[in-house]
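Undergrad: Below you'll find the structure I mean.
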Amino acid sequence: MAFTINSLSGYFHEYQKSVLDPAGFWAGIAESFHWHQHWDRVVDWDFNKAYVRWFEGAKLNITENMLDRHLFAHADKPAIVWEPNDPNEDHRVLTYRQLHSAVCSFASGLRKLGVQKGDRVVIYMPMVPEAAIAMVACARLGAVHSVVFGGFSSQSLSDRINDCSARWVVTSDGAFRGSKTIPLKDWVDQALTHCPTVEKVVVFQRTKENVNMQEGRDLWWDAVVDSSVTDLPAVSVDAEDMLFILYTSGSTGKPKGVVHTCGGYMVHSAYTFQNVFQYKRDHIYWCTADVGWITGHSYIVYGPLLSGATSIMFEGVPTFPDPSRFWQVVDKHAVTHFYTAPTAIRALEAFGNEPLASTHRSTLKVLGSVGEPINEEAWHWYHDQVGCGRCPIVDTWWQTETGAIMISPLAGITPTKPAYATLPLPGVQLMIVDENGKELQGNSVQGNLCIKFPWPGMLRTTYGDHDRCIQTYFSTYKGLYFTGDGVKRDEDGYYRILGRVDDVMNISGHRMGTAEVENAINEHPKVVESAVVGFPHPIKGQGIYAFVIADLTDRTEANLKREIVHTVNNIIGPIAKPDKIQIVPGLPKTRSGKIMRRILRKIAEGETRLDALGDVTTLLDPTVVEAIIAGVEQNKAG
Ligand code: WTA
């Protein structure tokens, strides 16, 4: 495709063009794709109403751009290379031809189960190629997939199924993750006791463990696949029809269903993939994310396949069977591009350089980072040790809501700076504002990160609740999309993301709302009230610290804490388990009843000097703070 930038001056030129004439700029890129019908208008928008339309009037099917188009030029090129959890099991290769026919056969099977354009299908799968096949098969039919990360609990799953009224669930018997086997189907069974809309469950066999198959509802994957159909015509949809819903945590309430649509997301995910990674045809690209997150959607499945790339899909974890696994996989598949999260980098760095020594990693050309701020130490280890100082790092900032990468170096083109996401990609018009929404112009400023002009891959709504979309993203600062992140622009105009400024935590690169964890903790019958904050954690970036008021009359503190962890695990999943729980006599509240998290955050960070906590005079009962601090000391001693 003709839209890859190949020099720094080229970047500035394209950036300029994208700001002066956004419609012309994106139309030029969109021309490279296959559409059934051309658009009437490139962009139409009103941020005050969270109204955004790209390529309106156009018709397409994204899967033709991911599969059919490549069959002419390189049908036998590997599209997905799957590396299993256990290194002794064979890996699998699906060429573009094979992937195309697998998608068509499964799509035909889904259609026979009644799936039609616009229907929602929930996918709850391990990292096997069938997860991607299921996603793309939905898109083939114009149906909407909603992938739920396999580490979420049955309750999280049922909440998501119910929110989008899905009638089909695609899952597997179980999942292998490191040395563990996870009973996904059992969790689906539990979830479905609360999901009246679900009619059929398709079960892929992965672990081959015994599972309960409910007659009339549950079907094996192999029985659904319609192998007589290897070329199913793609359903033509509007550019603004929904492609997928992906649930993500916010600062309030339950996770929201972020909605992405077909045309804009296609153009944006492919454009950013090819430019950020400087993708060339012989590259072997590996993103270690799970398809349950946006990174897996945009940079394992959509971006790479739209670009005709070879995308590695890894089922396992970085430390199984040992902490050299990532690097073993890099050597085994001659990976050129490696994209992971700072958490994984820090976790592996903690094992030292020995696990690196058994591998050469000489095929690597580009390293990527995503999901959370990367600290300088981890950046240097990644750059110097993993990449032997040869590979540029692309620190890519973006969000579930942005759909695709927004701020990032172009690999090998943009000069990098440790811990900086550097510069906005073409089409991305950033604005830094202060607390009052006043723009902070020029360099060397720090404030809240907003975006002032729409981009093709942005969210269109939050499923079933458009007002929530307006409230969450477009009402903090009038006329702007607010990211929820703090940012610094340095003396060179480079951007450094400082982390969330709202009540969203970032645990191992995964977003988690404080309110969500509090609600889960409060489900324990002995808990009266709780307040949760993030605190700096050497590996996870942030850990979860829970301050809990509880009735301890009939249990020990240790038992209660164990039960609380168990409760959170059941309600949300292991990623939301508190790292620290402190039982407290009260919470620092203002006279109007609002919890002052600022104080709790400082205490969680390790501050135990009362005078360093800031103004506590507005508290209803300032002695609560002293009691909490005394408790911290006791907790440590205990
Ligand atoms: C954070 C993940 C610093 C940020 C793609 C954002 C980052 C949230 C970076 C979105 C980065 C993501 N540097 N922080 N390179 N990338 N973040 O929706 O706080 O899971 O708002 O999307 O992760 O998380 P999400």
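In the structure tokens, each chain is lettered A, B, ... as it comes, each chain's residues begin at 1, and ligands are numbered from 1 in order of appearance.
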Kindly work out which residues sit at most 7 Å from ligand 1, using only C-alpha atoms and all ligand atoms, and give the list as a ChimeraX atom specification.
TA: /A:248,293-295,369-374,395-401,421,483-485,497-500,506,509-511
Undergrad: Assign secondary structure with DSSP using the backbone only, and return the residues of range 397-552 of chain A in helix (DSSP H, G or I) as a PyMOL selection string.
TA: chain A and resi 466-474+514-522
Undergrad: Which of range 539-571 of chain A end up as strand (DSSP E) when DSSP is run on this backbone - answer as an NGL selection string?
TA: :A and (541-550)
Undergrad: Let's have the selection written as an mmCIF file, in the first residue's frame, with N, CA, C and O atoms.
TA:
```
data_model
loop_
_atom_site.group_PDB
_atom_site.id
_atom_site.type_symbol
_atom_site.label_atom_id
_atom_site.label_comp_id
_atom_site.auth_asym_id
_atom_site.auth_seq_id
_atom_site.Cartn_x
_atom_site.Cartn_y
_atom_site.Cartn_z
ATOM 1 N N GLY A 541 3.496 -2.103 37.483
ATOM 2 C CA GLY A 541 3.249 -0.683 37.225
ATOM 3 C C GLY A 541 2.434 -0.103 38.357
ATOM 4 O O GLY A 541 2.875 0.753 39.106
ATOM 5 N N GLN A 542 1.217 -0.600 38.501
ATOM 6 C CA GLN A 542 0.397 -0.244 39.652
ATOM 7 C C GLN A 542 -0.142 -1.511 40.292
ATOM 8 O O GLN A 542 -0.430 -2.491 39.606
ATOM 9 N N GLY A 543 -0.261 -1.470 41.606
ATOM 10 C CA GLY A 543 -0.932 -2.543 42.329
ATOM 11 C C GLY A 543 -2.216 -1.980 42.913
ATOM 12 O O GLY A 543 -2.466 -0.765 42.858
ATOM 13 N N ILE A 544 -3.051 -2.858 43.461
ATOM 14 C CA ILE A 544 -4.338 -2.425 44.020
ATOM 15 C C ILE A 544 -4.265 -2.433 45.544
ATOM 16 O O ILE A 544 -3.918 -3.449 46.143
ATOM 17 N N TYR A 545 -4.564 -1.308 46.147
ATOM 18 C CA TYR A 545 -4.562 -1.170 47.602
ATOM 19 C C TYR A 545 -6.002 -0.908 48.041
ATOM 20 O O TYR A 545 -6.615 0.053 47.593
ATOM 21 N N ALA A 546 -6.526 -1.801 48.893
ATOM 22 C CA ALA A 546 -7.914 -1.645 49.324
ATOM 23 C C ALA A 546 -7.980 -1.304 50.808
ATOM 24 O O ALA A 546 -7.398 -2.012 51.635
ATOM 25 N N PHE A 547 -8.645 -0.220 51.129
ATOM 26 C CA PHE A 547 -8.923 0.148 52.516
ATOM 27 C C PHE A 547 -10.358 -0.295 52.796
ATOM 28 O O PHE A 547 -11.283 0.122 52.099
ATOM 29 N N VAL A 548 -10.514 -1.146 53.815
ATOM 30 C CA VAL A 548 -11.819 -1.785 54.001
ATOM 31 C C VAL A 548 -12.333 -1.626 55.434
ATOM 32 O O VAL A 548 -11.604 -1.885 56.395
ATOM 33 N N ILE A 549 -13.567 -1.189 55.554
ATOM 34 C CA ILE A 549 -14.238 -1.181 56.859
ATOM 35 C C ILE A 549 -15.048 -2.472 56.923
ATOM 36 O O ILE A 549 -15.840 -2.745 56.012
ATOM 37 N N ALA A 550 -14.814 -3.264 57.980
ATOM 38 C CA ALA A 550 -15.481 -4.568 58.007
ATOM 39 C C ALA A 550 -15.854 -4.968 59.426
ATOM 40 O O ALA A 550 -15.301 -4.474 60.402
#
```
Undergrad: Which residues come within 10 Å of range 598-615 of chain A, counting only C-alpha atoms, excluding same-chain residues fewer than 5 positions away, as a list in words?
TA: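 Listing them by chain and then by number gives Ala531, Val532, Val533, Gly534, Phe535, Pro536, His537, Gly543, Ile544, Tyr545, Ala546, Phe547, Lys580, Gln582, Leu587, Pro588, Lys589, Pro622, Val625, Glu626, Ile628, Ile629, Ala630, Val632 and Glu633 of chain A.
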Undergrad: List as JSON lines every residue of range 471-539 of chain A that is in contact with range 146-158 of chain A, defined as an atom at most 12 Å from one of its atoms (using only C-alpha atoms), together with the nearest atom pair and the distance in Å rounded to one decimal, sorted by chain and then rising number.
TA:
```
{"residue": "A:His510", "atom": "CA", "partner": "A:Phe149", "partner_atom": "CA", "distance": 10.9}
{"residue": "A:Met512", "atom": "CA", "partner": "A:Phe152", "partner_atom": "CA", "distance": 11.9}
{"residue": "A:Glu516", "atom": "CA", "partner": "A:Ser156", "partner_atom": "CA", "distance": 10.7}
{"residue": "A:Val517", "atom": "CA", "partner": "A:Ser156", "partner_atom": "CA", "distance": 11.9}
{"residue": "A:Ala520", "atom": "CA", "partner": "A:Gln155", "partner_atom": "CA", "distance": 10.6}
```
Undergrad: Determine the nearest neighbour of Thr4 in chain A from the options A:Tyr420, A:Lys332, A:Phe273, A:Arg489, counting only C-alpha atoms.
TA: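 Answer, going by the shortest atom-to-atom distance: A:Phe273.
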